[in-house]
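Data from protein13.pdb: PDB, C-alpha atoms
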ATOM      1  CA  MET A 105     136.488  97.785  57.702
ATOM      2  CA  LYS A 106     133.386  99.930  58.148
ATOM      3  CA  GLU A 107     131.456  97.512  55.919
ATOM      4  CA  LYS A 108     132.575  94.503  58.025
ATOM      5  CA  ILE A 109     131.428  96.228  61.220
ATOM      6  CA  GLN A 110     128.059  97.022  59.667
ATOM      7  CA  THR A 111     127.680  93.417  58.484
ATOM      8  CA  MET A 112     128.653  92.172  61.955
ATOM      9  CA  ASN A 113     126.103  94.485  63.617
ATOM     10  CA  THR A 114     123.426  93.246  61.216
ATOM     11  CA  LEU A 115     124.272  89.613  62.053
ATOM     12  CA  ILE A 116     124.240  90.359  65.789
ATOM     13  CA  SER A 117     120.857  92.075  65.500
ATOM     14  CA  ALA A 118     119.434  89.148  63.526
ATOM     15  CA  THR A 119     120.809  86.655  66.047
ATOM     16  CA  VAL A 120     119.408  88.612  69.009
ATOM     17  CA  LYS A 121     116.038  88.720  67.265
ATOM     18  CA  GLU A 122     116.137  84.935  66.667
ATOM     19  CA  ILE A 123     117.076  84.320  70.312
ATOM     20  CA  ARG A 124     114.192  86.474  71.542
ATOM     21  CA  GLU A 125     111.753  84.679  69.236
ATOM     22  CA  SER A 126     113.037  81.298  70.454
ATOM     23  CA  GLU A 127     112.743  82.367  74.087
ATOM     24  CA  GLN A 128     109.191  83.525  73.440
ATOM     25  CA  LYS A 129     108.285  80.190  71.801
ATOM     26  CA  ILE A 130     109.848  78.265  74.682
ATOM     27  CA  SER A 131     108.027  80.436  77.195
ATOM     28  CA  GLN A 132     104.709  79.877  75.427
ATOM     29  CA  SER A 133     105.187  76.111  75.148
ATOM     30  CA  THR A 134     106.340  75.893  78.777
ATOM     31  CA  SER A 135     103.293  77.806  79.960
ATOM     32  CA  ILE A 136     100.973  75.384  78.135
ATOM     33  CA  ILE A 137     102.778  72.491  79.807
ATOM     34  CA  ASN A 138     102.248  74.092  83.224
ATOM     35  CA  TYR A 139      98.464  74.206  82.808
ATOM     36  CA  THR A 140      96.344  71.613  84.560
ATOM     37  CA  GLU A 141      93.980  69.453  82.523
ATOM     38  CA  ARG A 142      91.108  71.652  83.712
ATOM     39  CA  GLU A 143      92.885  74.807  82.519
ATOM     40  CA  LYS A 144      93.623  73.173  79.159
ATOM     41  CA  TRP A 145      89.897  72.364  78.915
ATOM     42  CA  ILE A 146      89.072  76.023  79.644
ATOM     43  CA  ILE A 147      91.417  77.138  76.855
ATOM     44  CA  ALA A 148      89.937  74.603  74.433
ATOM     45  CA  THR A 149      86.374  75.578  75.374
ATOM     46  CA  TYR A 150      86.621  79.375  75.507
ATOM     47  CA  ARG A 151      89.698  79.908  73.253
ATOM     48  CA  ASP A 152      90.434  83.485  74.336
ATOM     49  CA  LYS A 153      89.328  86.214  76.722
ATOM     50  CA  GLU A 154      87.079  87.881  74.142
ATOM     51  CA  THR A 155      85.073  84.678  73.716
ATOM     52  CA  LEU A 156      84.830  84.242  77.486
ATOM     53  CA  LEU A 157      83.592  87.825  77.932
ATOM     54  CA  LYS A 158      81.057  87.356  75.134
ATOM     55  CA  ILE A 159      79.672  84.064  76.463
ATOM     56  CA  PHE A 160      79.350  85.326  80.043
ATOM     57  CA  ASN A 161      78.185  88.895  79.379
ATOM     58  CA  PRO A 162      75.417  90.433  81.520
ATOM     59  CA  ASP A 163      72.778  89.755  78.853
ATOM     60  CA  THR A 164      73.291  86.013  79.355
ATOM     61  CA  GLN A 165      72.420  86.142  83.066
ATOM     62  CA  LYS A 166      68.817  85.288  82.276
ATOM     63  CA  GLU A 167      69.944  82.169  80.364
ATOM     64  CA  PHE A 168      72.394  80.903  82.972
ATOM     65  CA  CYS A 169      70.601  81.945  86.140
ATOM     66  CA  THR A 170      67.020  80.707  85.880
ATOM     67  CA  ALA A 171      65.545  79.101  88.994
ATOM     68  CA  LYS A 172      66.138  75.612  87.584
ATOM     69  CA  ASN A 173      69.817  76.377  86.879
ATOM     70  CA  HIS A 174      71.019  77.391  90.345
ATOM     71  CA  GLU A 175      72.751  74.042  90.860
ATOM     72  CA  ARG A 176      74.420  74.349  87.462
ATOM     73  CA  CYS A 177      75.630  77.881  88.225
ATOM     74  CA  ILE A 178      77.185  76.725  91.483
ATOM     75  CA  MET A 179      78.416  73.235  90.594
ATOM     76  CA  GLY A 180      78.666  73.261  86.797
ATOM     77  CA  LYS A 181      81.675  73.407  84.500
ATOM     78  CA  ALA A 182      82.036  77.192  84.205
ATOM     79  CA  PRO A 183      85.507  78.390  85.218
ATOM     80  CA  GLN A 184      86.264  79.661  88.691
ATOM     81  CA  ILE A 185      87.450  83.254  88.834
ATOM     82  CA  LEU A 186      90.867  81.963  89.981
ATOM     83  CA  GLU A 187      91.082  79.869  86.803
ATOM     84  CA  VAL A 188      90.120  82.870  84.673
ATOM     85  CA  ILE A 189      92.946  84.812  86.297
ATOM     86  CA  LYS A 190      95.494  82.055  85.623
ATOM     87  CA  VAL A 191      94.404  81.300  82.061
ATOM     88  CA  PHE A 192      93.364  84.718  80.721
ATOM     89  CA  GLY A 193      94.974  87.142  83.195
ATOM     90  CA  LYS A 194      93.808  89.203  86.146
ATOM     91  CA  GLU A 195      92.839  92.084  83.856
ATOM     92  CA  THR A 196      90.283  89.837  82.144
ATOM     93  CA  ALA A 197      88.722  88.836  85.469
ATOM     94  CA  GLN A 198      88.677  92.475  86.599
ATOM     95  CA  ALA A 199      87.122  93.665  83.342
ATOM     96  CA  TRP A 200      84.510  90.894  83.392
ATOM     97  CA  LEU A 201      83.399  91.538  86.975
ATOM     98  CA  SER A 202      83.463  95.329  86.502
ATOM     99  CA  ILE A 203      81.083  94.944  83.556
ATOM    100  CA  GLN A 204      78.767  92.792  85.684
ATOM    101  CA  LEU A 205      78.790  95.323  88.535
ATOM    102  CA  PHE A 206      78.200  98.245  86.179
ATOM    103  CA  ASN A 207      75.225  96.356  84.739
ATOM    104  CA  LEU A 208      73.908  95.741  88.270
ATOM    105  CA  SER A 209      74.228  99.420  89.123
ATOM    106  CA  GLU A 210      72.363 100.439  85.963
ATOM    107  CA  TYR A 211      69.679  97.783  86.449
ATOM    108  CA  LEU A 212      68.826  98.836  89.998
ATOM    109  CA  GLY A 213      67.854 102.260  88.668
ATOM    110  CA  ALA A 214      68.959 104.159  91.748
ATOM    111  CA  LYS A 215      69.630 107.868  91.422
ATOM    112  CA  GLU A 216      73.161 107.422  92.750
ATOM    113  CA  LYS A 217      74.891 104.680  90.821
ATOM    114  CA  LEU A 218      78.219 103.066  91.547
ATOM    115  CA  GLY A 219      81.116 105.298  90.524
ATOM    116  CA  ARG A 220      84.206 104.089  88.712
ATOM    117  CA  SER A 221      86.363 103.968  91.861
ATOM    118  CA  GLN A 222      83.600 102.113  93.744
ATOM    119  CA  ILE A 223      83.333  99.525  90.964
ATOM    120  CA  GLU A 224      87.123  99.093  90.887
ATOM    121  CA  PHE A 225      87.320  98.683  94.662
ATOM    122  CA  LEU A 226      84.330  96.327  94.826
ATOM    123  CA  THR A 227      85.755  94.282  91.946
ATOM    124  CA  GLU A 228      89.096  93.842  93.711
ATOM    125  CA  MET A 229      87.427  93.004  97.007
ATOM    126  CA  LEU A 230      85.096  90.392  95.477
ATOM    127  CA  LEU A 231      87.871  88.786  93.401
ATOM    128  CA  ASP A 232      90.006  88.541  96.519
ATOM    129  CA  GLN A 233      87.234  87.305  98.813
ATOM    130  CA  TYR A 234      85.651  84.763  96.438
ATOM    131  CA  PRO A 235      88.423  83.353  94.199
ATOM    132  CA  TYR A 236      86.766  79.923  94.068
ATOM    133  CA  PHE A 237      83.422  81.243  92.862
ATOM    134  CA  LYS A 238      82.625  80.261  89.327
ATOM    135  CA  ILE A 239      81.816  82.988  86.849
ATOM    136  CA  THR A 240      78.258  81.703  86.946
ATOM    137  CA  ASP A 241      78.286  82.040  90.761
ATOM    138  CA  PHE A 242      78.911  85.757  90.356
ATOM    139  CA  MET A 243      76.212  85.959  87.695
ATOM    140  CA  LEU A 244      73.717  84.127  89.911
ATOM    141  CA  ALA A 245      74.523  86.334  92.908
ATOM    142  CA  ILE A 246      74.014  89.456  90.799
ATOM    143  CA  THR A 247      70.755  88.086  89.391
ATOM    144  CA  MET A 248      69.525  87.369  92.917
ATOM    145  CA  ILE A 249      70.523  90.888  94.005
ATOM    146  CA  LYS A 250      68.550  92.274  91.044
ATOM    147  CA  MET A 251      65.550  90.245  92.189
ATOM    148  CA  GLY A 252      65.799  91.641  95.722
ATOM    149  CA  ARG A 253      66.581  88.240  97.204
ATOM    150  CA  PHE A 254      69.051  89.755  99.678
ATOM    151  CA  GLY A 255      67.088  92.926 100.414
ATOM    152  CA  LYS A 256      66.095  95.930  98.364
ATOM    153  CA  MET A 257      68.359  98.857  97.578
ATOM    154  CA  PHE A 258      66.728 102.253  97.847
ATOM    155  CA  GLY A 259      68.036 105.610  96.619
ATOM    156  CA  ALA A 260      71.646 104.665  96.016
ATOM    157  CA  VAL A 261      73.592 101.572  95.048
ATOM    158  CA  ASP A 262      75.811 101.029  98.060
ATOM    159  CA  PRO A 263      79.026  98.964  97.688
ATOM    160  CA  ALA A 264      78.759  97.776 101.304
ATOM    161  CA  THR A 265      75.215  96.513 100.683
ATOM    162  CA  ILE A 266      76.402  94.659  97.567
ATOM    163  CA  ALA A 267      79.283  93.133  99.538
ATOM    164  CA  GLU A 268      76.831  92.053 102.234
ATOM    165  CA  ALA A 269      74.578  90.519  99.573
ATOM    166  CA  PHE A 270      77.535  88.470  98.321
ATOM    167  CA  ASP A 271      78.073  87.211 101.884
ATOM    168  CA  GLN A 272      74.417  86.154 101.961
ATOM    169  CA  TYR A 273      74.844  84.506  98.568
ATOM    170  CA  TRP A 274      77.838  82.583  99.939
ATOM    171  CA  ASN A 275      75.528  81.130 102.622
ATOM    172  CA  TYR A 276      72.867  80.307 100.008
ATOM    173  CA  ARG A 277      75.557  78.639  97.882
ATOM    174  CA  ALA A 278      76.901  76.609 100.816
ATOM    175  CA  ASP A 279      73.402  75.396 101.700
ATOM    176  CA  LEU A 280      72.665  74.400  98.101
ATOM    177  CA  ARG A 281      75.986  72.556  97.759
ATOM    178  CA  TYR A 282      75.285  70.720 101.014
ATOM    179  CA  ASP A 283      71.801  69.703  99.833
ATOM    180  CA  VAL A 284      73.105  68.491  96.472
ATOM    181  CA  ASN A 285      75.941  66.500  98.053
ATOM    182  CA  LYS A 286      73.522  64.975 100.559
ATOM    183  CA  ARG A 287      71.172  63.995  97.708
ATOM    184  CA  ILE A 288      74.080  62.402  95.796
ATOM    185  CA  GLU A 289      75.131  60.358  98.839
ATOM    186  CA  ARG A 290      71.723  58.675  98.998
TER
END

Using the file provided, produce a representation of the structure as structure tokens.
Amino acid sequence: MKEKIQTMNTLISATVKEIRESEQKISQSTSIINYTEREKWIIATYRDKETLLKIFNPDTQKEFCTAKNHERCIMGKAPQILEVIKVFGKETAQAWLSIQLFNLSEYLGAKEKLGRSQIEFLTEMLLDQYPYFKITDFMLAITMIKMGRFGKMFGAVDPATIAEAFDQYWNYRADLRYDVNKRIER
């Protein structure tokens, strides 16, 4: 009798394991079905979050954000931060933007750099305020901040000043999009 119970428990455990594996496979296949064509393209192009973080790391700002590439940064094929969140998870978007902001803080060379809590707060605020910005939008804004395009930062890197610079970038972006669309209409 004890042997039958043990065999039954083993069968139940194996069946539960098979059910969980099946549910996981169904969940994965269902989630792929729920992606838009654009999101499927993002998955095919960038494969995983590590590849995305590598391609769009702070060292590539100079490649993506040259003066002749502003239109591409704003209107190109790079994923919007909202798409990154849906496809690769919010943690990936948070990590990516935190890295960019840390790089900005280091680059500006101020004595008082952004602290961890300031970077976390600024990251959340920017992700929430600009969900439709492309990754390259964020990179271009940060490059323009580094160049002093939205004013110089003296002594300390101030989160409020960075947030204000992003507001100014939003206006720059809107003007550029308007000009491009007007040129296309002609």

Mind checking which residues fall within 12 Å of Thr164 of chain A, counting all atoms listed in the file, ignoring those fewer than 2 positions away in the same chain, and posting them as a PyMOL selection string? chain A and resi 156-162+166-170+204+207+239-240+243-244+246-247

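Distances to Phe225 of chain A were evaluated for A:Arg176, A:Ala267, A:Arg142, A:Gly193 using only C-alpha atoms, and the minimum falls at A:Ala267.
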
Mind pulling up the distance from atom CA of Asn285 of chain A to atom CA of Gln165 of chain A? 25.0 Å

Just so the selection is clear, what residues does the PyMOL selection byres ((chain A and resi 150) around 12) cover here, as an MDAnalysis selection string? chainID A and resid 143:149 151:160 181:183 188 191:192

Quick one: distance from atom CA of Tyr276 of chain A to atom CA of Arg253 of chain A in Å, one decimal?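 Going from atom CA of Tyr276 of chain A over to atom CA of Arg253 of chain A, I get 10.5 Å.
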
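Proximity to Gly219 of chain A at 10 Å, evaluated using only C-alpha atoms and with sequence-adjacent residues fewer than 3 positions away removed, yields Phe206, Ser209, Glu216, Gln222, Ile223, Glu224, Phe225, Val261 and Pro263 of chain A.
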
Counting all atoms listed in the file, figure out which residue out of A:Met229, A:Cys177, A:Ala245, A:Val284 gets nearest to Leu208 of chain A.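 Counting all atoms listed in the file, the residue closest to Leu208 of chain A is A:Ala245.
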
Suppose you want the space between atom CA of Glu175 of chain A and atom CA of Ala264 of chain A; what is it in Å?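 The value is 26.6 Å.
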
Contacts of Tyr234 of chain A at 10 Å or less, counting all atoms listed in the file, minus same-chain residues fewer than 3 places along, as a PDB file with C-alpha atoms, in the coordinates of the input?
ATOM      1  CA  GLN A 184      86.264  79.661  88.691  1.00  0.00           C
ATOM      2  CA  ILE A 185      87.450  83.254  88.834  1.00  0.00           C
ATOM      3  CA  LEU A 186      90.867  81.963  89.981  1.00  0.00           C
ATOM      4  CA  MET A 229      87.427  93.004  97.007  1.00  0.00           C
ATOM      5  CA  LEU A 230      85.096  90.392  95.477  1.00  0.00           C
ATOM      6  CA  LEU A 231      87.871  88.786  93.401  1.00  0.00           C
ATOM      7  CA  PHE A 237      83.422  81.243  92.862  1.00  0.00           C
ATOM      8  CA  LYS A 238      82.625  80.261  89.327  1.00  0.00           C
ATOM      9  CA  ASP A 241      78.286  82.040  90.761  1.00  0.00           C
ATOM     10  CA  PHE A 242      78.911  85.757  90.356  1.00  0.00           C
ATOM     11  CA  PHE A 270      77.535  88.470  98.321  1.00  0.00           C
ATOM     12  CA  ASP A 271      78.073  87.211 101.884  1.00  0.00           C
ATOM     13  CA  TRP A 274      77.838  82.583  99.939  1.00  0.00           C
TER      14      TRP A 274
END

Box centre and edge lengths (Å, one decimal), axis-aligned, segment 154-164 of chain A plus 5 Å each side, as lines of an AutoDock Vina configuration file:
center_x = 79.9
center_y = 87.2
center_z = 77.6
size_x = 24.3
size_y = 16.4
size_z = 17.8

Which of these, A:Ser221, A:Pro235, A:Met248, A:Gly255, has the shortest distance to Glu187 of chain A once you count only C-alpha atoms?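 That would be A:Pro235, the residue with the smallest distance to Glu187 of chain A.
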
For Tyr282 of chain A, which residue out of A:Glu228, A:Ile178, A:Asn173, A:Glu141 is the nearest one, using all atoms listed in the file? A:Ile178

Using only C-alpha atoms, which residue out of A:Met257, A:Ala197, A:Met179, A:Ala171 lies closest to Leu212 of chain A?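 Comparing A:Met257, A:Ala197, A:Met179, A:Ala171 against Leu212 of chain A, the winner is A:Met257.
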
Under the rule that only C-alpha atoms are counted, which of A:Lys215, A:Gln233, A:Arg277, A:Gln198 is the nearest residue to Phe258 of chain A?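 Selected residue with least distance to Phe258 of chain A: A:Lys215.
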